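Accompanying notes for the structure given below.
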Amino acid sequence: MHILHVVETLHVGGLERVVIDLVLQQAAQGHDCMVVCLFEKGSLSGELEDKGIPVSCCNKKNNLDLKAVRCLAEIIGSFHPDIVHTHNMSCNYYAALALLKDRKIRLINTRHGIAEMPRKQRWLFGMSLFRTACLVGVCSQATALLRTGFPLFRHKMKTIPNGIVLDRHPLRSEQRHQQLTSSLGLPPDSLLITVVARLNPVKNHRMLIEAFALTAEKLPLARLIIIGDGALRTELERLTRDLGIDDKLLFLGDRRDVAELLAGMDLFVLPSTQEGHSISLIEACASGLPIIATNVGGNSEIVRDGINGLLTESNNVPALADKMEKLLLDKEKRERFGHNGRTWAETEGSVQAMAQRYQNIYAK
């Protein structure tokens with residue numbers, strides 16, 4: 001089968017990681033795959049090109065860019081796909097326009113998030129659904145929001161959770177913990193809390209930092225390791241200084257060794273105000289880490305409260321601090337949560353499971 005994926009870019013991000021892993025899995029299964037970026041290629045495109053999978057771009061400008069539509073139509077015409085699989089809104093209406101003259105090619109869209117759609121994009125996306133054969137939400141809440149927002153197309157909607165390459169994630173161990181504390185210059189008996197997320201408002205690092213300040217007062221060995229970068233870094237670094245915890249908190253920036261870092265941590269926390277089906281939570285499960293996450297979006301579909309982690313209220317700093325303190329003091333519970341998370345990831349969170357679910361839709 002010829003499968004052409006359309007994304008905005010292949011810069012570092014959860015959606016982009018999902019697309020790359022899905023394409024590599026599909027190629028390994030014998031499908032002929034290609035990826036088109038509406039804007040520029042992005043820093044992750046080399047992972048596909050190194051495997052012989054072509055990546056092209058349309059150099060889209062702001063607002064509706066008809067040159068980008070023509071570029072995409074030309075690429076589709078030369079590749080002759082059976083399926084055009086788009087990711088998120090703009091990619092779908094650009095692909096729908098590019099496919100106006102070819103009704104045989106099936107158009108599939110995956111909506112990766114649950115954020116509110118701007119009015120203009122919402123209208124364009126809604127119009128593109130007339131041309132779309134199937135619309136996928138990455139969690140039950142995402143699909144429910146699509147059904148509410150676009151009830152005319154409810155019959156086209158499915159839910160397919162994201163998946164990751166499990167073999168890429170070693171399990172958390174005491175040995176890896178010791179190696180990590182040594183490499184970071186921290187006491188060997190440090191209690192390491194981590195988050196992997198872009199430094200932007202929706203990820204709500206401020207809540208985590210403020211909660212950590214309360215936890216650190218009671219647990220002097222607690223340390224917070226923030227992995228990821230973004231526009232809020234300077235502001236968040238200033239906050240840590242104002243709270244007097246800058247000696248207990250590390251900003252590691254964007255890292256390509258996230259899997260190795262996770263395997264040395266003690267606790268994973270995701271304080272987002274909204275989420276779809278979080279890749280970072282699946283990675284934490286695969287690493288055997290206990291999790292605390294805000295009860296928003298699809299988080300409760302990954303973090304089962306009291307089984308592989310704890311759910312907490314969004315923006316409730318004292319509640320998060322209390323949960324972090326209690327879990328850091330209970331090693332047996334952390335180990336049980338971590339084991340249950342890995343077991344869940346092996347059955348529900350793998351790229352193989354995700355690819356098979358998409359293959360079932362393609363075949364139908």
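The way I read the labels, and the way they are meant: chains A, B, ... in the order of the structure tokens, residue 1 as the first residue of every chain, and ligand 1 as the first ligand shown, with later ones counted on from there.
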Could you give me, as a PDB file with C-alpha atoms, in the first residue's frame, the residues within 9 Å of Leu236 of chain A, counting only C-alpha atoms and dropping anything in the same chain fewer than 4 positions from it?
ATOM      1  CA  LEU A 199       8.003  25.067  28.199  1.00  0.00           C
ATOM      2  CA  HIS A 205       5.299  24.050  34.666  1.00  0.00           C
ATOM      3  CA  ARG A 206       4.574  26.905  37.076  1.00  0.00           C
ATOM      4  CA  ILE A 209       7.542  24.313  40.370  1.00  0.00           C
ATOM      5  CA  LEU A 232       8.860  30.311  29.106  1.00  0.00           C
ATOM      6  CA  THR A 240      12.770  29.105  40.821  1.00  0.00           C
ATOM      7  CA  ARG A 241      15.122  31.832  42.062  1.00  0.00           C
TER       8      ARG A 241
END
- prompt: Leaving out Lys41 of chain A and any residue of its chain fewer than 2 positions from it, which residues lie within 10 Å of it when counting only C-alpha atoms, given as JSON, numbers by chain?
  reply: {"A": [7, 8, 9, 10, 11, 35, 36, 37, 38, 39, 43, 44, 45, 46, 55, 56, 57, 58, 59]}
Residues as selected, N, CA and C atoms, written as a PDB file, in the first residue's frame, can you do that?
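File written: again.pdb
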ATOM      1  N   VAL A   7       2.003  16.416   7.573  1.00  0.00           N
ATOM      2  CA  VAL A   7       2.147  17.078   8.874  1.00  0.00           C
ATOM      3  C   VAL A   7       2.543  18.532   8.630  1.00  0.00           C
ATOM      4  N   GLU A   8       2.470  19.355   9.664  1.00  0.00           N
ATOM      5  CA  GLU A   8       2.902  20.747   9.504  1.00  0.00           C
ATOM      6  C   GLU A   8       4.420  20.815   9.391  1.00  0.00           C
ATOM      7  N   THR A   9       5.125  20.209  10.341  1.00  0.00           N
ATOM      8  CA  THR A   9       6.584  20.111  10.292  1.00  0.00           C
ATOM      9  C   THR A   9       6.982  18.824  11.009  1.00  0.00           C
ATOM     10  N   LEU A  10       8.283  18.546  10.993  1.00  0.00           N
ATOM     11  CA  LEU A  10       8.833  17.441  11.784  1.00  0.00           C
ATOM     12  C   LEU A  10       9.842  17.979  12.795  1.00  0.00           C
ATOM     13  N   HIS A  11       9.484  19.082  13.450  1.00  0.00           N
ATOM     14  CA  HIS A  11      10.273  19.567  14.572  1.00  0.00           C
ATOM     15  C   HIS A  11       9.990  18.684  15.784  1.00  0.00           C
ATOM     16  N   VAL A  35       6.370  11.288   3.577  1.00  0.00           N
ATOM     17  CA  VAL A  35       5.855  12.320   4.467  1.00  0.00           C
ATOM     18  C   VAL A  35       6.019  13.679   3.794  1.00  0.00           C
ATOM     19  N   VAL A  36       4.965  14.490   3.862  1.00  0.00           N
ATOM     20  CA  VAL A  36       5.006  15.857   3.349  1.00  0.00           C
ATOM     21  C   VAL A  36       4.774  16.814   4.515  1.00  0.00           C
ATOM     22  N   CYS A  37       5.656  17.795   4.656  1.00  0.00           N
ATOM     23  CA  CYS A  37       5.509  18.851   5.665  1.00  0.00           C
ATOM     24  C   CYS A  37       4.951  20.100   4.986  1.00  0.00           C
ATOM     25  N   LEU A  38       3.884  20.655   5.516  1.00  0.00           N
ATOM     26  CA  LEU A  38       3.313  21.855   4.915  1.00  0.00           C
ATOM     27  C   LEU A  38       4.293  23.025   4.974  1.00  0.00           C
ATOM     28  N   PHE A  39       4.991  23.164   6.101  1.00  0.00           N
ATOM     29  CA  PHE A  39       5.959  24.245   6.256  1.00  0.00           C
ATOM     30  C   PHE A  39       7.347  23.698   5.938  1.00  0.00           C
ATOM     31  N   SER A  43      13.701  19.322  12.287  1.00  0.00           N
ATOM     32  CA  SER A  43      14.943  18.670  12.713  1.00  0.00           C
ATOM     33  C   SER A  43      14.853  17.158  12.797  1.00  0.00           C
ATOM     34  N   LEU A  44      13.650  16.595  12.858  1.00  0.00           N
ATOM     35  CA  LEU A  44      13.508  15.143  12.964  1.00  0.00           C
ATOM     36  C   LEU A  44      13.390  14.441  11.620  1.00  0.00           C
ATOM     37  N   SER A  45      13.328  15.200  10.543  1.00  0.00           N
ATOM     38  CA  SER A  45      13.097  14.586   9.230  1.00  0.00           C
ATOM     39  C   SER A  45      14.202  13.617   8.833  1.00  0.00           C
ATOM     40  N   GLY A  46      15.415  13.870   9.319  1.00  0.00           N
ATOM     41  CA  GLY A  46      16.530  12.994   8.979  1.00  0.00           C
ATOM     42  C   GLY A  46      16.336  11.568   9.438  1.00  0.00           C
ATOM     43  N   VAL A  55      10.999  12.677   2.447  1.00  0.00           N
ATOM     44  CA  VAL A  55      10.297  13.754   3.146  1.00  0.00           C
ATOM     45  C   VAL A  55      10.369  14.990   2.260  1.00  0.00           C
ATOM     46  N   SER A  56       9.220  15.567   1.962  1.00  0.00           N
ATOM     47  CA  SER A  56       9.176  16.773   1.139  1.00  0.00           C
ATOM     48  C   SER A  56       8.486  17.876   1.926  1.00  0.00           C
ATOM     49  N   CYS A  57       8.535  19.112   1.411  1.00  0.00           N
ATOM     50  CA  CYS A  57       7.859  20.215   2.088  1.00  0.00           C
ATOM     51  C   CYS A  57       7.263  21.169   1.062  1.00  0.00           C
ATOM     52  N   CYS A  58       6.237  21.890   1.492  1.00  0.00           N
ATOM     53  CA  CYS A  58       5.513  22.800   0.608  1.00  0.00           C
ATOM     54  C   CYS A  58       5.818  24.266   0.891  1.00  0.00           C
ATOM     55  N   ASN A  59       6.636  24.537   1.913  1.00  0.00           N
ATOM     56  CA  ASN A  59       7.019  25.913   2.258  1.00  0.00           C
ATOM     57  C   ASN A  59       5.812  26.842   2.379  1.00  0.00           C
TER      58      ASN A  59
END
query: Residues at most 6 Å from Gly297 of chain A, counting only C-alpha atoms, excluding those fewer than 3 positions away in the same chain, as a ChimeraX atom specification?
result: /A:274-276
Go ahead and save the picked residues with C-alpha atoms, as a compact mmCIF listing (two decimals), in the first residue's frame.
# COMPACT_ATOMS: atom_id res chain seq x y z
CA GLN A 274 -5.06 20.21 28.72
CA GLU A 275 -3.77 17.10 26.94
CA GLY A 276 -4.73 14.72 24.19
- request: Name all residues at most 12 Å from Val84 of chain A (count only C-alpha atoms; drop same-chain ones fewer than 5 positions away) and give them as a PyMOL selection string.
  value: chain A and resi 1-7+33-36+72-73+75-77+79+91-96+98-99+102-110+131-134+362
Let me see the file: selected residues, C-alpha atoms, as a PDB file, in the first residue's frame.
ATOM      1  CA  MET A   1       0.000   0.000   0.000  1.00  0.00           C
ATOM      2  CA  HIS A   2       1.199   3.552  -0.789  1.00  0.00           C
ATOM      3  CA  ILE A   3       0.689   5.802   2.258  1.00  0.00           C
ATOM      4  CA  LEU A   4       1.384   9.542   2.243  1.00  0.00           C
ATOM      5  CA  HIS A   5       1.376  11.344   5.602  1.00  0.00           C
ATOM      6  CA  VAL A   6       0.915  15.124   5.829  1.00  0.00           C
ATOM      7  CA  VAL A   7       2.147  17.078   8.874  1.00  0.00           C
ATOM      8  CA  CYS A  33       5.531   5.564   2.693  1.00  0.00           C
ATOM      9  CA  MET A  34       6.239   9.262   2.222  1.00  0.00           C
ATOM     10  CA  VAL A  35       5.855  12.320   4.467  1.00  0.00           C
ATOM     11  CA  VAL A  36       5.006  15.857   3.349  1.00  0.00           C
ATOM     12  CA  LEU A  72       0.889  19.244  -2.283  1.00  0.00           C
ATOM     13  CA  ALA A  73      -1.285  18.255  -5.248  1.00  0.00           C
ATOM     14  CA  ILE A  75       3.509  15.627  -4.772  1.00  0.00           C
ATOM     15  CA  ILE A  76       0.372  13.501  -4.413  1.00  0.00           C
ATOM     16  CA  GLY A  77       0.176  13.159  -8.182  1.00  0.00           C
ATOM     17  CA  PHE A  79       3.565   9.526  -5.473  1.00  0.00           C
ATOM     18  CA  CYS A  91      -3.088  19.498   7.023  1.00  0.00           C
ATOM     19  CA  ASN A  92      -6.516  18.016   6.384  1.00  0.00           C
ATOM     20  CA  TYR A  93      -8.083  20.970   4.615  1.00  0.00           C
ATOM     21  CA  TYR A  94      -4.937  21.496   2.535  1.00  0.00           C
ATOM     22  CA  ALA A  95      -5.030  17.845   1.524  1.00  0.00           C
ATOM     23  CA  ALA A  96      -8.768  18.014   0.804  1.00  0.00           C
ATOM     24  CA  ALA A  98      -5.218  19.142  -3.176  1.00  0.00           C
ATOM     25  CA  LEU A  99      -7.417  16.076  -3.776  1.00  0.00           C
ATOM     26  CA  ASP A 102      -8.939  12.819  -7.510  1.00  0.00           C
ATOM     27  CA  ARG A 103     -11.837  11.127  -5.754  1.00  0.00           C
ATOM     28  CA  LYS A 104     -10.253   7.665  -5.619  1.00  0.00           C
ATOM     29  CA  ILE A 105      -7.590   8.432  -3.029  1.00  0.00           C
ATOM     30  CA  ARG A 106      -8.872   7.991   0.534  1.00  0.00           C
ATOM     31  CA  LEU A 107      -8.261  10.818   2.998  1.00  0.00           C
ATOM     32  CA  ILE A 108      -7.797   9.963   6.689  1.00  0.00           C
ATOM     33  CA  ASN A 109      -7.304  12.552   9.445  1.00  0.00           C
ATOM     34  CA  THR A 110      -6.001  12.213  12.984  1.00  0.00           C
ATOM     35  CA  ARG A 131     -13.912  14.751   1.579  1.00  0.00           C
ATOM     36  CA  THR A 132     -12.547  12.773   4.541  1.00  0.00           C
ATOM     37  CA  ALA A 133     -13.229   9.042   4.789  1.00  0.00           C
ATOM     38  CA  CYS A 134     -12.327   8.658   8.473  1.00  0.00           C
ATOM     39  CA  TYR A 362      -6.910   1.696   5.724  1.00  0.00           C
TER      40      TYR A 362
END
- request: Name the residues of segment 87-140 of chain A that fall into strand (DSSP E) according to DSSP on the backbone, using the chain letters and numbers of this document, as a ChimeraX atom specification.
  value: /A:87,106-111,134-137
Grab the residues selected above and save them as a JSON list (two decimals), in the first residue's frame with C-alpha atoms.
[["chain", "number", "residue", "atom", "x", "y", "z"],
["A", 87, "HIS", "CA", -2.40, 15.01, 11.12],
["A", 106, "ARG", "CA", -8.87, 7.99, 0.53],
["A", 107, "LEU", "CA", -8.26, 10.82, 3.00],
["A", 108, "ILE", "CA", -7.80, 9.96, 6.69],
["A", 109, "ASN", "CA", -7.30, 12.55, 9.44],
["A", 110, "THR", "CA", -6.00, 12.21, 12.98],
["A", 111, "ARG", "CA", -6.86, 14.95, 15.47],
["A", 134, "CYS", "CA", -12.33, 8.66, 8.47],
["A", 135, "LEU", "CA", -11.64, 11.03, 11.37],
["A", 136, "VAL", "CA", -9.57, 9.68, 14.28],
["A", 137, "GLY", "CA", -9.30, 11.03, 17.82]]
Spatial neighbours of Asn63 of chain A, max dist 12 Å, only C-alpha atoms, sep filter under 6 positions, as a VMD selection string: chain A and resid 69 90 94 120 to 121 124
query: What is the distance between atom CA of Ile53 of chain A and atom CA of Ala355 of chain A, in Å to one decimal?
result: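 Separation between atom CA of Ile53 of chain A and atom CA of Ala355 of chain A: 16.9 Å.
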- prompt: Any idea what's packed within 12 Å of Glu283 of chain A, counting only C-alpha atoms, ignoring anything in its chain fewer than 5 positions away? Could you give it as a PyMOL selection string?
  reply: chain A and resi 14+17-18+162-172+195-197+258-263+268+270+277-278+288-291+302-303+338+341-342+344-346+349-351
Restricting the output to N, CA and C atoms, write the selected residues as a short mmCIF file (atom, residue, chain, number, x, y, z; two decimals), in the first residue's frame.
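Listing of result01.cif after writing:
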data_model
loop_
_atom_site.label_atom_id
_atom_site.label_comp_id
_atom_site.auth_asym_id
_atom_site.auth_seq_id
_atom_site.Cartn_x
_atom_site.Cartn_y
_atom_site.Cartn_z
N GLY A 14 5.50 15.82 20.42
CA GLY A 14 4.83 14.54 20.59
C GLY A 14 4.15 14.04 19.33
N ARG A 17 6.71 12.85 16.88
CA ARG A 17 7.29 11.56 17.28
C ARG A 17 6.35 10.42 16.91
N VAL A 18 5.06 10.62 17.11
CA VAL A 18 4.07 9.61 16.76
C VAL A 18 4.10 9.32 15.26
N ASN A 162 -2.42 6.78 20.80
CA ASN A 162 -1.04 6.83 20.33
C ASN A 162 -0.24 5.65 20.88
N GLY A 163 0.87 5.34 20.21
CA GLY A 163 1.77 4.29 20.67
C GLY A 163 3.21 4.70 20.46
N ILE A 164 4.12 4.04 21.17
CA ILE A 164 5.54 4.34 21.08
C ILE A 164 6.34 3.07 20.84
N VAL A 165 7.61 3.23 20.54
CA VAL A 165 8.53 2.09 20.38
C VAL A 165 9.01 1.70 21.78
N LEU A 166 8.48 0.63 22.32
CA LEU A 166 8.78 0.25 23.70
C LEU A 166 10.24 -0.14 23.89
N ASP A 167 10.83 -0.76 22.88
CA ASP A 167 12.22 -1.22 23.00
C ASP A 167 13.19 -0.05 23.20
N ARG A 168 12.74 1.15 22.90
CA ARG A 168 13.59 2.33 23.04
C ARG A 168 13.70 2.78 24.50
N HIS A 169 12.88 2.19 25.39
CA HIS A 169 12.78 2.67 26.76
C HIS A 169 13.20 1.60 27.77
N PRO A 170 14.43 1.72 28.29
CA PRO A 170 14.84 0.79 29.34
C PRO A 170 14.06 1.05 30.63
N LEU A 171 13.89 -0.02 31.41
CA LEU A 171 13.17 0.10 32.67
C LEU A 171 13.99 0.84 33.72
N ARG A 172 13.31 1.57 34.56
CA ARG A 172 13.93 2.26 35.67
C ARG A 172 14.62 1.25 36.59
N VAL A 195 9.69 15.98 34.56
CA VAL A 195 8.63 16.24 33.59
C VAL A 195 9.31 16.39 32.24
N VAL A 196 8.68 15.86 31.20
CA VAL A 196 9.17 16.03 29.83
C VAL A 196 8.06 16.74 29.05
N ALA A 197 8.30 18.00 28.72
CA ALA A 197 7.27 18.79 28.04
C ALA A 197 7.85 20.11 27.57
N VAL A 258 16.21 11.12 26.19
CA VAL A 258 15.13 11.15 27.17
C VAL A 258 14.88 9.77 27.77
N ALA A 259 14.91 8.73 26.96
CA ALA A 259 14.64 7.38 27.46
C ALA A 259 15.65 6.99 28.54
N GLU A 260 16.91 7.30 28.32
CA GLU A 260 17.95 6.98 29.31
C GLU A 260 17.78 7.81 30.57
N LEU A 261 17.39 9.07 30.42
CA LEU A 261 17.16 9.92 31.58
C LEU A 261 15.99 9.40 32.43
N LEU A 262 14.91 9.03 31.77
CA LEU A 262 13.73 8.55 32.50
C LEU A 262 14.05 7.32 33.34
N ALA A 263 14.93 6.47 32.83
CA ALA A 263 15.24 5.22 33.51
C ALA A 263 15.98 5.43 34.83
N PHE A 268 7.44 10.70 37.81
CA PHE A 268 7.13 11.53 36.65
C PHE A 268 5.86 12.31 36.95
N LEU A 270 3.12 15.27 35.28
CA LEU A 270 2.66 16.06 34.14
C LEU A 270 1.52 16.96 34.60
N HIS A 277 -3.62 12.58 24.00
CA HIS A 277 -3.12 11.28 24.47
C HIS A 277 -1.61 11.42 24.56
N SER A 278 -1.13 11.80 25.74
CA SER A 278 0.23 12.28 25.94
C SER A 278 1.29 11.22 25.66
N GLY A 288 8.65 2.37 33.37
CA GLY A 288 8.36 1.83 34.69
C GLY A 288 8.35 2.87 35.79
N LEU A 289 7.94 4.10 35.45
CA LEU A 289 7.90 5.17 36.44
C LEU A 289 6.48 5.36 37.00
N PRO A 290 6.36 5.61 38.29
CA PRO A 290 5.06 6.05 38.83
C PRO A 290 4.78 7.46 38.33
N ILE A 291 3.50 7.80 38.21
CA ILE A 291 3.11 9.06 37.57
C ILE A 291 2.12 9.81 38.44
N ILE A 302 -4.56 6.92 30.44
CA ILE A 302 -3.22 6.36 30.60
C ILE A 302 -2.90 6.15 32.07
N VAL A 303 -3.14 7.18 32.88
CA VAL A 303 -2.86 7.11 34.32
C VAL A 303 -4.14 6.68 35.03
N GLY A 338 4.96 1.65 38.99
CA GLY A 338 5.83 1.55 37.83
C GLY A 338 5.66 0.25 37.10
N GLY A 341 2.40 0.30 35.19
CA GLY A 341 2.50 1.17 34.02
C GLY A 341 3.17 0.49 32.85
N ARG A 342 4.26 -0.21 33.12
CA ARG A 342 4.96 -0.93 32.04
C ARG A 342 4.07 -2.02 31.45
N TRP A 344 0.82 -2.03 31.30
CA TRP A 344 -0.17 -1.36 30.44
C TRP A 344 0.44 -0.95 29.11
N ALA A 345 1.65 -0.39 29.15
CA ALA A 345 2.31 0.07 27.92
C ALA A 345 2.52 -1.07 26.94
N GLU A 346 2.86 -2.24 27.45
CA GLU A 346 3.14 -3.38 26.57
C GLU A 346 1.90 -3.85 25.83
N GLY A 349 0.07 0.55 24.70
CA GLY A 349 0.81 1.75 24.30
C GLY A 349 1.91 1.53 23.29
N SER A 350 1.90 0.42 22.57
CA SER A 350 2.98 0.14 21.62
C SER A 350 2.67 0.69 20.24
N VAL A 351 3.71 0.98 19.49
CA VAL A 351 3.53 1.46 18.11
C VAL A 351 2.94 0.36 17.24
#
message: Run DSSP on the backbone and tell me which residues of segment 25-187 of chain A come out as helix (DSSP H, G or I); list them as a PyMOL selection string.
response: chain A and resi 25-28+45-49+66-79+89-98+119-128+140-149+151-156+166-168+174-184
task: Could you jot down the atom CA of Arg304 of chain A to atom CA of Leu192 of chain A separation for me, Å, one decimal place?
output: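 These atoms are spaced 21.7 Å apart.
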query: How far is it from atom CA of Ala142 of chain A to atom CA of Pro161 of chain A, in Å with one decimal?
result: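 Those two atoms sit 10.3 Å apart.
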